[in-house]
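Everything below belongs to coords36.pdb, which stores PDB, C-alpha atoms.
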```
ATOM      1  CA  MET A  27     116.389-105.005 165.541
ATOM      2  CA  SER A  28     119.385-107.133 164.578
ATOM      3  CA  ALA A  29     122.837-105.733 163.888
ATOM      4  CA  GLU A  30     122.411-106.767 160.250
ATOM      5  CA  ALA A  31     119.188-104.770 159.939
ATOM      6  CA  VAL A  32     120.823-101.726 161.528
ATOM      7  CA  LEU A  33     123.772-101.955 159.129
ATOM      8  CA  LEU A  34     121.405-102.256 156.163
ATOM      9  CA  ALA A  35     119.510 -99.170 157.358
ATOM     10  CA  VAL A  36     122.802 -97.255 157.622
ATOM     11  CA  VAL A  37     123.791 -98.357 154.124
ATOM     12  CA  LEU A  38     120.439 -97.299 152.649
ATOM     13  CA  LEU A  39     120.641 -93.935 154.407
ATOM     14  CA  THR A  40     124.153 -93.467 153.011
ATOM     15  CA  VAL A  41     122.885 -94.364 149.526
ATOM     16  CA  LEU A  42     120.226 -91.666 149.715
ATOM     17  CA  THR A  43     122.797 -89.188 151.055
ATOM     18  CA  LEU A  44     125.047 -89.986 148.098
ATOM     19  CA  ALA A  45     122.085 -89.444 145.747
ATOM     20  CA  VAL A  46     121.474 -85.977 147.229
ATOM     21  CA  VAL A  47     125.189 -85.107 147.058
ATOM     22  CA  ASN A  48     125.312 -86.420 143.491
ATOM     23  CA  GLY A  49     122.471 -84.062 142.590
ATOM     24  CA  VAL A  50     124.272 -81.125 144.202
ATOM     25  CA  HIS A  51     127.585 -82.126 142.656
ATOM     26  CA  ASP A  52     126.272 -82.730 139.154
ATOM     27  CA  ALA A  53     123.593 -80.037 138.857
ATOM     28  CA  ALA A  54     126.192 -78.110 136.865
ATOM     29  CA  ASN A  55     126.162 -80.812 134.210
ATOM     30  CA  ALA A  56     122.640 -79.994 133.109
ATOM     31  CA  VAL A  57     122.180 -76.323 133.863
ATOM     32  CA  ALA A  58     125.526 -74.493 134.034
ATOM     33  CA  THR A  59     125.754 -73.431 130.386
ATOM     34  CA  SER A  60     122.080 -72.384 130.298
ATOM     35  CA  LEU A  61     122.592 -70.198 133.362
ATOM     36  CA  SER A  62     125.793 -68.639 132.003
ATOM     37  CA  THR A  63     124.063 -67.667 128.739
ATOM     38  CA  ARG A  64     120.908 -66.550 130.595
ATOM     39  CA  ALA A  65     118.793 -68.993 128.643
ATOM     40  CA  LEU A  66     117.311 -69.941 132.025
ATOM     41  CA  THR A  67     117.145 -68.198 135.389
ATOM     42  CA  SER A  68     118.614 -70.034 138.356
ATOM     43  CA  ARG A  69     115.235 -70.763 139.968
ATOM     44  CA  VAL A  70     113.578 -71.968 136.768
ATOM     45  CA  GLY A  71     116.690 -73.807 135.574
ATOM     46  CA  LEU A  72     117.330 -75.732 138.778
ATOM     47  CA  GLY A  73     113.635 -76.536 139.177
ATOM     48  CA  LEU A  74     113.389 -77.778 135.598
ATOM     49  CA  VAL A  75     116.469 -79.998 135.729
ATOM     50  CA  ALA A  76     115.496 -81.325 139.175
ATOM     51  CA  VAL A  77     112.154 -82.570 137.841
ATOM     52  CA  LEU A  78     113.746 -83.981 134.699
ATOM     53  CA  ASN A  79     116.496 -85.679 136.722
ATOM     54  CA  VAL A  80     113.773 -87.483 138.665
ATOM     55  CA  LEU A  81     111.994 -88.521 135.470
ATOM     56  CA  GLY A  82     115.254 -89.575 133.825
ATOM     57  CA  ALA A  83     116.113 -91.829 136.751
ATOM     58  CA  LEU A  84     112.836 -93.676 136.190
ATOM     59  CA  LEU A  85     113.278 -94.232 132.436
ATOM     60  CA  GLY A  86     115.222 -97.497 132.526
ATOM     61  CA  ASP A  87     117.293 -99.948 134.549
ATOM     62  CA  GLY A  88     119.997-101.262 132.204
ATOM     63  CA  VAL A  89     122.821 -99.303 133.853
ATOM     64  CA  ALA A  90     121.486-100.243 137.299
ATOM     65  CA  ARG A  91     121.620-103.943 136.379
ATOM     66  CA  THR A  92     125.197-103.582 135.117
ATOM     67  CA  VAL A  93     126.298-102.017 138.401
ATOM     68  CA  GLY A  94     124.082-104.170 140.616
ATOM     69  CA  SER A  95     124.502-107.647 139.207
ATOM     70  CA  ARG A  96     127.202-107.907 136.540
ATOM     71  CA  LEU A  97     130.277-106.268 138.027
ATOM     72  CA  LEU A  98     130.919-107.586 141.549
ATOM     73  CA  ALA A  99     130.183-110.823 143.368
ATOM     74  CA  VAL A 100     129.343-109.142 146.674
ATOM     75  CA  PRO A 101     129.154-111.637 149.561
ATOM     76  CA  VAL A 102     125.941-112.008 151.544
ATOM     77  CA  ALA A 103     125.580-110.773 155.142
ATOM     78  CA  GLY A 104     127.940-108.540 157.132
ATOM     79  CA  PRO A 105     131.036-108.489 154.895
ATOM     80  CA  GLY A 106     128.952-107.608 151.832
ATOM     81  CA  LEU A 107     127.144-104.744 153.517
ATOM     82  CA  GLY A 108     130.416-103.496 154.959
ATOM     83  CA  LEU A 109     131.953-103.497 151.486
ATOM     84  CA  VAL A 110     129.044-101.532 150.001
ATOM     85  CA  LEU A 111     129.097 -99.023 152.864
ATOM     86  CA  SER A 112     132.858 -98.528 152.509
ATOM     87  CA  ALA A 113     132.541 -97.961 148.757
ATOM     88  CA  LEU A 114     129.792 -95.400 149.340
ATOM     89  CA  LEU A 115     131.873 -93.545 151.930
ATOM     90  CA  GLY A 116     134.844 -93.425 149.554
ATOM     91  CA  ALA A 117     132.696 -91.960 146.762
ATOM     92  CA  LEU A 118     130.950 -89.553 149.133
ATOM     93  CA  ALA A 119     134.241 -88.241 150.512
ATOM     94  CA  TRP A 120     135.607 -87.537 147.022
ATOM     95  CA  ASP A 121     132.383 -85.889 145.839
ATOM     96  CA  LEU A 122     132.367 -83.540 148.829
ATOM     97  CA  PHE A 123     136.052 -82.696 148.394
ATOM     98  CA  THR A 124     135.728 -81.869 144.690
ATOM     99  CA  TRP A 125     132.533 -79.882 145.301
ATOM    100  CA  TRP A 126     134.389 -77.848 147.959
ATOM    101  CA  ARG A 127     137.252 -77.226 145.513
ATOM    102  CA  GLY A 128     134.877 -76.393 142.640
ATOM    103  CA  LEU A 129     136.286 -79.181 140.452
ATOM    104  CA  PRO A 130     133.854 -80.933 138.080
ATOM    105  CA  SER A 131     134.755 -84.586 138.595
ATOM    106  CA  SER A 132     132.981 -87.860 137.997
ATOM    107  CA  SER A 133     130.707 -89.208 140.720
ATOM    108  CA  SER A 134     130.603 -92.390 138.635
ATOM    109  CA  HIS A 135     134.370 -92.790 138.715
ATOM    110  CA  ALA A 136     134.349 -92.073 142.453
ATOM    111  CA  LEU A 137     131.801 -94.846 142.975
ATOM    112  CA  LEU A 138     133.827 -97.204 140.796
ATOM    113  CA  GLY A 139     136.965 -96.292 142.748
ATOM    114  CA  GLY A 140     135.167 -96.893 146.025
ATOM    115  CA  PHE A 141     134.085-100.374 144.983
ATOM    116  CA  THR A 142     137.510-101.153 143.575
ATOM    117  CA  GLY A 143     139.295-100.164 146.779
ATOM    118  CA  ALA A 144     136.878-101.906 149.113
ATOM    119  CA  GLY A 145     136.664-104.938 146.816
ATOM    120  CA  LEU A 146     140.434-105.381 146.715
ATOM    121  CA  VAL A 147     140.846-105.465 150.486
ATOM    122  CA  ALA A 148     137.724-107.629 150.842
ATOM    123  CA  ALA A 149     139.002-110.006 148.134
ATOM    124  CA  VAL A 150     135.694-110.178 146.253
ATOM    125  CA  THR A 151     135.386-111.458 142.710
ATOM    126  CA  VAL A 152     135.267-108.791 140.003
ATOM    127  CA  ASP A 153     134.053-109.641 136.489
ATOM    128  CA  VAL A 154     137.063-108.257 134.622
ATOM    129  CA  GLU A 155     135.389-108.472 131.195
ATOM    130  CA  VAL A 156     132.377-106.434 132.369
ATOM    131  CA  LEU A 157     134.701-103.994 134.147
ATOM    132  CA  LEU A 158     136.753-103.409 131.010
ATOM    133  CA  THR A 159     134.076-103.467 128.292
ATOM    134  CA  GLN A 160     131.054-101.972 130.059
ATOM    135  CA  VAL A 161     132.618 -99.681 132.638
ATOM    136  CA  LEU A 162     136.214 -98.575 132.034
ATOM    137  CA  LEU A 163     136.220 -98.449 128.216
ATOM    138  CA  PRO A 164     133.001 -96.375 127.902
ATOM    139  CA  MET A 165     134.137 -94.029 130.666
ATOM    140  CA  LEU A 166     137.519 -93.463 129.018
ATOM    141  CA  LEU A 167     136.215 -93.097 125.473
ATOM    142  CA  SER A 168     133.198 -90.890 126.201
ATOM    143  CA  PRO A 169     135.166 -87.644 126.867
ATOM    144  CA  LEU A 170     137.244 -88.157 123.713
ATOM    145  CA  VAL A 171     134.139 -88.779 121.620
ATOM    146  CA  ALA A 172     132.410 -85.812 123.280
ATOM    147  CA  ILE A 173     135.172 -83.318 122.510
ATOM    148  CA  LEU A 174     135.388 -84.483 118.876
ATOM    149  CA  LEU A 175     131.624 -84.431 118.247
ATOM    150  CA  ALA A 176     131.204 -81.050 119.951
ATOM    151  CA  TRP A 177     134.037 -79.620 117.844
ATOM    152  CA  LEU A 178     132.420 -80.919 114.635
ATOM    153  CA  LEU A 179     128.847 -79.889 115.522
ATOM    154  CA  MET A 180     129.948 -76.404 116.562
ATOM    155  CA  ALA A 181     131.839 -75.950 113.291
ATOM    156  CA  ALA A 182     128.816 -77.167 111.322
ATOM    157  CA  LEU A 183     126.440 -74.795 113.124
ATOM    158  CA  TYR A 184     128.699 -71.797 112.573
ATOM    159  CA  ARG A 185     128.956 -72.660 108.899
ATOM    160  CA  LEU A 186     125.196 -73.186 108.597
ATOM    161  CA  PHE A 187     124.308 -69.892 110.293
ATOM    162  CA  ARG A 188     127.247 -67.787 109.105
ATOM    163  CA  ASP A 189     124.940 -65.444 107.162
ATOM    164  CA  ALA A 190     122.301 -65.161 109.893
ATOM    165  CA  THR A 191     121.784 -61.964 111.880
ATOM    166  CA  TYR A 192     123.800 -62.368 115.069
ATOM    167  CA  GLY A 193     121.164 -61.138 117.503
ATOM    168  CA  ARG A 194     118.391 -63.230 115.979
ATOM    169  CA  ALA A 195     120.530 -66.393 115.841
ATOM    170  CA  ILE A 196     121.680 -66.008 119.446
ATOM    171  CA  GLY A 197     118.075 -65.502 120.561
ATOM    172  CA  ARG A 198     116.963 -68.672 118.822
ATOM    173  CA  PHE A 199     119.816 -70.722 120.258
ATOM    174  CA  ARG A 200     119.024 -69.355 123.709
ATOM    175  CA  ILE A 201     115.522 -70.792 123.322
ATOM    176  CA  ALA A 202     116.953 -74.043 121.929
ATOM    177  CA  GLN A 203     119.108 -74.340 125.035
ATOM    178  CA  THR A 204     115.984 -74.946 127.100
ATOM    179  CA  VAL A 205     115.448 -78.107 125.066
ATOM    180  CA  SER A 206     119.087 -79.223 125.146
ATOM    181  CA  ALA A 207     119.363 -78.564 128.911
ATOM    182  CA  SER A 208     116.203 -80.614 129.437
ATOM    183  CA  ALA A 209     117.684 -83.459 127.402
ATOM    184  CA  MET A 210     120.887 -83.245 129.443
ATOM    185  CA  ALA A 211     118.939 -83.377 132.714
ATOM    186  CA  LEU A 212     117.024 -86.451 131.585
ATOM    187  CA  GLY A 213     120.290 -88.097 130.526
ATOM    188  CA  HIS A 214     121.944 -87.307 133.848
ATOM    189  CA  GLY A 215     119.059 -88.862 135.750
ATOM    190  CA  LEU A 216     119.117 -91.865 133.432
ATOM    191  CA  GLN A 217     122.820 -92.442 134.075
ATOM    192  CA  ASP A 218     123.580 -91.307 137.608
ATOM    193  CA  GLY A 219     120.245 -92.270 139.131
ATOM    194  CA  GLN A 220     120.609 -95.800 137.831
ATOM    195  CA  LYS A 221     124.166 -96.158 139.133
ATOM    196  CA  ILE A 222     122.969 -95.360 142.638
ATOM    197  CA  MET A 223     120.003 -97.704 142.197
ATOM    198  CA  GLY A 224     122.457-100.435 141.243
ATOM    199  CA  VAL A 225     124.385 -99.859 144.468
ATOM    200  CA  THR A 226     121.128-100.052 146.440
ATOM    201  CA  VAL A 227     120.323-103.374 144.778
ATOM    202  CA  LEU A 228     123.797-104.625 145.703
ATOM    203  CA  ALA A 229     123.182-103.689 149.333
ATOM    204  CA  LEU A 230     119.798-105.420 149.411
ATOM    205  CA  ALA A 231     121.245-108.552 147.812
ATOM    206  CA  ALA A 232     124.122-108.571 150.306
ATOM    207  CA  ALA A 233     121.563-108.491 153.122
ATOM    208  CA  GLY A 234     119.546-111.296 151.531
ATOM    209  CA  GLU A 235     116.631-108.930 150.875
ATOM    210  CA  GLY A 236     116.471-109.050 147.101
ATOM    211  CA  SER A 237     117.905-110.203 143.801
ATOM    212  CA  PRO A 238     120.889-108.303 142.349
ATOM    213  CA  GLY A 239     119.262-108.367 138.908
ATOM    214  CA  THR A 240     116.002-106.716 139.988
ATOM    215  CA  VAL A 241     115.443-103.042 140.820
ATOM    216  CA  PRO A 242     112.361-102.659 143.061
ATOM    217  CA  LEU A 243     110.017 -99.769 142.324
ATOM    218  CA  TRP A 244     110.520 -98.232 145.781
ATOM    219  CA  VAL A 245     114.284 -98.115 145.176
ATOM    220  CA  ARG A 246     113.808 -96.302 141.882
ATOM    221  CA  ILE A 247     111.416 -93.774 143.405
ATOM    222  CA  ALA A 248     113.517 -93.125 146.539
ATOM    223  CA  VAL A 249     116.791 -92.654 144.641
ATOM    224  CA  ALA A 250     115.150 -90.508 141.957
ATOM    225  CA  ALA A 251     113.566 -88.253 144.577
ATOM    226  CA  ALA A 252     116.840 -87.835 146.492
ATOM    227  CA  LEU A 253     118.665 -87.022 143.244
ATOM    228  CA  GLY A 254     116.043 -84.404 142.434
ATOM    229  CA  VAL A 255     116.346 -82.761 145.847
ATOM    230  CA  GLY A 256     120.113 -82.466 145.476
ATOM    231  CA  THR A 257     119.794 -81.068 141.973
ATOM    232  CA  TYR A 258     117.392 -78.369 143.109
ATOM    233  CA  ILE A 259     119.799 -77.337 145.875
ATOM    234  CA  GLY A 260     122.413 -76.833 143.159
ATOM    235  CA  GLY A 261     126.190 -76.902 143.456
ATOM    236  CA  TRP A 262     127.105 -73.318 142.644
ATOM    237  CA  ARG A 263     130.848 -73.805 143.014
ATOM    238  CA  LEU A 264     130.751 -76.310 140.152
ATOM    239  CA  ILE A 265     128.157 -74.404 138.133
ATOM    240  CA  ARG A 266     130.467 -71.365 138.053
ATOM    241  CA  THR A 267     133.430 -73.485 136.967
ATOM    242  CA  LEU A 268     131.621 -75.262 134.155
ATOM    243  CA  GLY A 269     129.469 -72.369 132.977
ATOM    244  CA  TRP A 270     131.929 -69.480 133.204
ATOM    245  CA  ARG A 271     135.535 -70.485 133.780
ATOM    246  CA  ILE A 272     136.592 -73.184 131.250
ATOM    247  CA  VAL A 273     135.661 -71.336 128.051
ATOM    248  CA  HIS A 274     133.480 -68.397 127.115
ATOM    249  CA  VAL A 275     130.040 -69.964 126.658
ATOM    250  CA  ASP A 276     127.472 -68.379 124.360
ATOM    251  CA  PRO A 277     124.088 -69.958 123.495
ATOM    252  CA  VAL A 278     125.516 -71.760 120.453
ATOM    253  CA  THR A 279     128.336 -73.276 122.532
ATOM    254  CA  GLY A 280     125.941 -74.239 125.304
ATOM    255  CA  PHE A 281     123.440 -75.822 122.917
ATOM    256  CA  THR A 282     126.204 -77.767 121.193
ATOM    257  CA  ALA A 283     127.742 -79.070 124.422
ATOM    258  CA  GLU A 284     124.402 -80.113 125.917
ATOM    259  CA  THR A 285     123.233 -81.783 122.703
ATOM    260  CA  VAL A 286     126.389 -83.838 122.269
ATOM    261  CA  SER A 287     126.648 -84.794 125.934
ATOM    262  CA  SER A 288     123.015 -85.838 126.302
ATOM    263  CA  GLY A 289     123.232 -87.894 123.115
ATOM    264  CA  LEU A 290     126.185 -89.831 124.511
ATOM    265  CA  LEU A 291     124.401 -90.424 127.826
ATOM    266  CA  TYR A 292     121.342 -91.893 126.086
ATOM    267  CA  THR A 293     123.405 -94.009 123.706
ATOM    268  CA  SER A 294     125.525 -95.538 126.458
ATOM    269  CA  ALA A 295     122.484 -96.245 128.651
ATOM    270  CA  TYR A 296     120.087 -97.673 126.071
ATOM    271  CA  VAL A 297     122.432 -99.254 123.524
ATOM    272  CA  PHE A 298     125.253-100.555 125.723
ATOM    273  CA  ASP A 299     123.777-100.607 129.286
ATOM    274  CA  ALA A 300     127.060 -98.897 130.144
ATOM    275  CA  PRO A 301     127.695 -96.283 132.845
ATOM    276  CA  VAL A 302     129.500 -93.155 131.665
ATOM    277  CA  SER A 303     130.274 -89.907 133.425
ATOM    278  CA  SER A 304     127.908 -87.030 132.720
ATOM    279  CA  THR A 305     130.559 -84.719 134.188
ATOM    280  CA  HIS A 306     133.250 -85.895 131.797
ATOM    281  CA  THR A 307     131.010 -85.757 128.745
ATOM    282  CA  ILE A 308     129.668 -82.243 129.394
ATOM    283  CA  THR A 309     133.078 -80.831 130.404
ATOM    284  CA  ALA A 310     134.707 -82.297 127.291
ATOM    285  CA  SER A 311     131.811 -81.076 125.142
ATOM    286  CA  VAL A 312     132.112 -77.533 126.515
ATOM    287  CA  ALA A 313     135.864 -77.514 125.810
ATOM    288  CA  GLY A 314     135.409 -78.984 122.321
ATOM    289  CA  ALA A 315     132.639 -76.567 121.348
ATOM    290  CA  GLY A 316     134.506 -73.581 122.753
ATOM    291  CA  ALA A 317     137.722 -74.454 120.938
ATOM    292  CA  SER A 318     136.033 -75.248 117.620
ATOM    293  CA  VAL A 319     135.718 -71.695 116.330
ATOM    294  CA  THR A 320     138.642 -69.816 117.890
ATOM    295  CA  GLY A 321     141.055 -72.684 118.484
ATOM    296  CA  LEU A 322     142.632 -74.214 121.575
ATOM    297  CA  ARG A 323     143.515 -70.756 122.918
ATOM    298  CA  ALA A 324     139.805 -70.386 123.777
ATOM    299  CA  VAL A 325     140.241 -72.983 126.523
ATOM    300  CA  ARG A 326     141.440 -71.599 129.851
ATOM    301  CA  TRP A 327     144.025 -74.284 130.543
ATOM    302  CA  ARG A 328     144.898 -73.002 134.011
ATOM    303  CA  VAL A 329     141.311 -73.849 134.967
ATOM    304  CA  LEU A 330     141.134 -77.101 133.018
ATOM    305  CA  ARG A 331     144.453 -78.566 134.201
ATOM    306  CA  PRO A 332     143.424 -79.161 137.841
ATOM    307  CA  ILE A 333     140.121 -80.601 136.575
ATOM    308  CA  LEU A 334     141.976 -83.112 134.411
ATOM    309  CA  THR A 335     144.241 -83.938 137.351
ATOM    310  CA  ALA A 336     141.176 -84.590 139.490
ATOM    311  CA  TRP A 337     139.859 -86.946 136.816
ATOM    312  CA  VAL A 338     143.048 -89.007 136.982
ATOM    313  CA  VAL A 339     143.112 -89.051 140.785
ATOM    314  CA  THR A 340     139.405 -89.829 141.305
ATOM    315  CA  VAL A 341     139.502 -93.635 141.201
ATOM    316  CA  PRO A 342     142.593 -94.151 143.424
ATOM    317  CA  ALA A 343     141.542 -91.418 145.887
ATOM    318  CA  ALA A 344     138.046 -92.805 146.394
ATOM    319  CA  GLY A 345     139.479 -96.335 146.453
ATOM    320  CA  ILE A 346     141.979 -95.525 149.185
ATOM    321  CA  VAL A 347     139.287 -93.973 151.387
ATOM    322  CA  ALA A 348     136.973 -96.947 150.788
ATOM    323  CA  ALA A 349     139.716 -99.462 151.531
ATOM    324  CA  ALA A 350     140.602 -97.638 154.744
ATOM    325  CA  CYS A 351     136.936 -97.588 155.796
ATOM    326  CA  TYR A 352     136.582-101.325 155.150
ATOM    327  CA  LEU A 353     139.745-102.193 157.075
ATOM    328  CA  LEU A 354     138.697 -99.948 159.956
ATOM    329  CA  GLY A 355     135.294-101.619 159.980
ATOM    330  CA  THR A 356     136.799-105.087 160.162
ATOM    331  CA  LEU A 357     139.036-103.990 163.055
ATOM    332  CA  VAL A 358     136.113-102.521 164.981
ATOM    333  CA  THR A 359     133.817-105.517 164.437
ATOM    334  CA  GLY A 360     136.590-108.043 164.945
TER     335      GLY A 360
END
```
Could you express the structure from this file as structure tokens?
Amino acid sequence: MSAEAVLLAVVLLTVLTLAVVNGVHDAANAVATSLSTRALTSRVGLGLVAVLNVLGALLGDGVARTVGSRLLAVPVAGPGLGLVLSALLGALAWDLFTWWRGLPSSSSHALLGGFTGAGLVAAVTVDVEVLLTQVLLPMLLSPLVAILLAWLLMAALYRLFRDATYGRAIGRFRIAQTVSASAMALGHGLQDGQKIMGVTVLALAAAGEGSPGTVPLWVRIAVAAALGVGTYIGGWRLIRTLGWRIVHVDPVTGFTAETVSSGLLYTSAYVFDAPVSSTHTITASVAGAGASVTGLRAVRWRVLRPILTAWVVTVPAAGIVAAACYLLGTLVTG
């Protein structure tokens, strides 16, 4: 087996590892609020969202094509594979760190930071227009849109059901959360599964084994399965943060946050072929829904502040690790 084939195998193994870690890291996105309101038990909830994450990852390939063929001109052969591997290691390192700290942060931004850092030191061509319009702008706007829409929807629901019996209304929204959590899980798979598929396509193209604009069926199945495994494992540190610590979440809040967030994930994937962060959208939606009725004092800012800091630091942190990995690789290989 040639050195190139070995490197490709290592890259593909790292891709699948990142998919599993992404599932662990982002399981909170789909299930945290449903677990905190007891709409779902942990076993049923994680099993449900794991299956739906797998299905969601198989529902399209627009985001995968944006990541895999429109953003970077990755060189063929060794340098290209080394760049992809370095970007993956940068994203993986940040995901593991934020999981350990219990900070909901964006795996998408970490992956973008990894490619940015490795790409800068490798001097590859980046399509700046695609980066700005289909990556950075959607990722920056989605949390702002999420917090506004969640605020408005929560206010509308409270007004609509203000005369309803509390116990009956809460029971109905607890049932409705099963639907909204399912929609969120599908949306997470649709977004995050495709991003990892796009990276896999980049790696294959760099090795001369495929076209950057085509996502093979085996890639879709392998990444979707790995994402599902990670989701079922569940990242409880992050689930506790998102479901219990940012705001008090009741079934109405949870339903609102999941509905708004999943809607944004579908819109960005199907309308714009744009990657957005499921973590950012659900976190912003939870904060917006929680603050809608009782005001900003409902948000536990001592919990949210380090999360927001992590959001700002994600891209440069993952980029620095990726750049260091690429430079170390070039030194080792000469």
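Taking only C-alpha atoms into account, Ala336 (chain A) lies nearest to A:Leu129 out of the set A:Leu129, A:Leu33, A:Ala310, A:Val358.
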Evaluate the PyMOL selection byres ((chain A and resi 133) around 9) and report residues as a PyMOL selection string: chain A and resi 48+51-52+117-118+120-121+131-132+134-138+218+303-305+340
Given the PyMOL selection byres ((chain A and resi 355) around 12), the residues it picks as a PyMOL selection string: chain A and resi 33+104-112+115+144+147-148+348-354+356-360
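When all atoms listed in the file are used to compute distances to Tyr292 (chain A), the closest of the residues A:Val57, A:Ala209, A:Leu179, A:Ala45 turns out to be A:Ala209.
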Contacts of region 249-254 of chain A at 6 Å (all atoms listed in the file; same-chain gap of 4+ positions) as a PyMOL selection string: chain A and resi 45-46+49+76+79-80+83
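Within 10 Å of Gly261 (chain A), once all atoms listed in the file are used and residues closer than 3 positions along the same chain are dropped, the contacting residues are Val47, Asn48, Gly49, Val50, His51, Asp52, Ala53, Ala54, Ala58, Trp125, Trp126, Gly128, Gly256, Thr257, Tyr258, Leu264, Ile265 and Arg266 of chain A.
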Deliver the residues from the most recent selection as a file, using C-alpha atoms, as a PDB file, in the frame of the given file.
```pdb
ATOM      1  CA  VAL A  47     125.189 -85.107 147.058  1.00  0.00           C
ATOM      2  CA  ASN A  48     125.312 -86.420 143.491  1.00  0.00           C
ATOM      3  CA  GLY A  49     122.471 -84.062 142.590  1.00  0.00           C
ATOM      4  CA  VAL A  50     124.272 -81.125 144.202  1.00  0.00           C
ATOM      5  CA  HIS A  51     127.585 -82.126 142.656  1.00  0.00           C
ATOM      6  CA  ASP A  52     126.272 -82.730 139.154  1.00  0.00           C
ATOM      7  CA  ALA A  53     123.593 -80.037 138.857  1.00  0.00           C
ATOM      8  CA  ALA A  54     126.192 -78.110 136.865  1.00  0.00           C
ATOM      9  CA  ALA A  58     125.526 -74.493 134.034  1.00  0.00           C
ATOM     10  CA  TRP A 125     132.533 -79.882 145.301  1.00  0.00           C
ATOM     11  CA  TRP A 126     134.389 -77.848 147.959  1.00  0.00           C
ATOM     12  CA  GLY A 128     134.877 -76.393 142.640  1.00  0.00           C
ATOM     13  CA  GLY A 256     120.113 -82.466 145.476  1.00  0.00           C
ATOM     14  CA  THR A 257     119.794 -81.068 141.973  1.00  0.00           C
ATOM     15  CA  TYR A 258     117.392 -78.369 143.109  1.00  0.00           C
ATOM     16  CA  LEU A 264     130.751 -76.310 140.152  1.00  0.00           C
ATOM     17  CA  ILE A 265     128.157 -74.404 138.133  1.00  0.00           C
ATOM     18  CA  ARG A 266     130.467 -71.365 138.053  1.00  0.00           C
TER      19      ARG A 266
END
```
Residue IDs satisfying the PyMOL selection byres ((chain A and resi 329) around 10), as a PyMOL selection string: chain A and resi 129+267-268+271-273+325-328+330-334
Let's have the selection written as a PDB file, in the frame of the given file, with C-alpha atoms.
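Here's the written file again_38.pdb:
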```
ATOM      1  CA  LEU A 129     136.286 -79.181 140.452  1.00  0.00           C
ATOM      2  CA  THR A 267     133.430 -73.485 136.967  1.00  0.00           C
ATOM      3  CA  LEU A 268     131.621 -75.262 134.155  1.00  0.00           C
ATOM      4  CA  ARG A 271     135.535 -70.485 133.780  1.00  0.00           C
ATOM      5  CA  ILE A 272     136.592 -73.184 131.250  1.00  0.00           C
ATOM      6  CA  VAL A 273     135.661 -71.336 128.051  1.00  0.00           C
ATOM      7  CA  VAL A 325     140.241 -72.983 126.523  1.00  0.00           C
ATOM      8  CA  ARG A 326     141.440 -71.599 129.851  1.00  0.00           C
ATOM      9  CA  TRP A 327     144.025 -74.284 130.543  1.00  0.00           C
ATOM     10  CA  ARG A 328     144.898 -73.002 134.011  1.00  0.00           C
ATOM     11  CA  LEU A 330     141.134 -77.101 133.018  1.00  0.00           C
ATOM     12  CA  ARG A 331     144.453 -78.566 134.201  1.00  0.00           C
ATOM     13  CA  PRO A 332     143.424 -79.161 137.841  1.00  0.00           C
ATOM     14  CA  ILE A 333     140.121 -80.601 136.575  1.00  0.00           C
ATOM     15  CA  LEU A 334     141.976 -83.112 134.411  1.00  0.00           C
TER      16      LEU A 334
END
```
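Taking CA of Trp262 (chain A) and CA of Ile173 (chain A) as endpoints, the distance between them is 23.9 Å.
You can rank A:Gly82, A:Pro277, A:Gly260, A:Gly289 by their closest distance to Tyr184 (chain A) using all atoms listed in the file, and at the top of that list sits A:Pro277.
Proximity ranking of A:Leu74, A:Ile308, A:Ala315, A:Ala344 relative to Val275 (chain A) places A:Ala315 first, based on all atoms listed in the file.
The residue that comes closest to Thr63 (chain A), out of A:Asp189, A:Asp276, A:Glu30, A:Glu284 and on the basis of only C-alpha atoms, is A:Asp276.
Take CA of Gln203 (chain A) and CA of Phe281 (chain A): the distance between them is 5.0 Å.
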Output as AutoDock Vina command-line options the centre and edge lengths (Å, one decimal) of the box along x, y and z of the file that holds every listed atom of region 267-273 of chain A after adding 6 Å on each side.
```
--center_x 133.0 --center_y -72.4 --center_z 132.5 --size_x 19.1 --size_y 17.8 --size_z 20.9
```
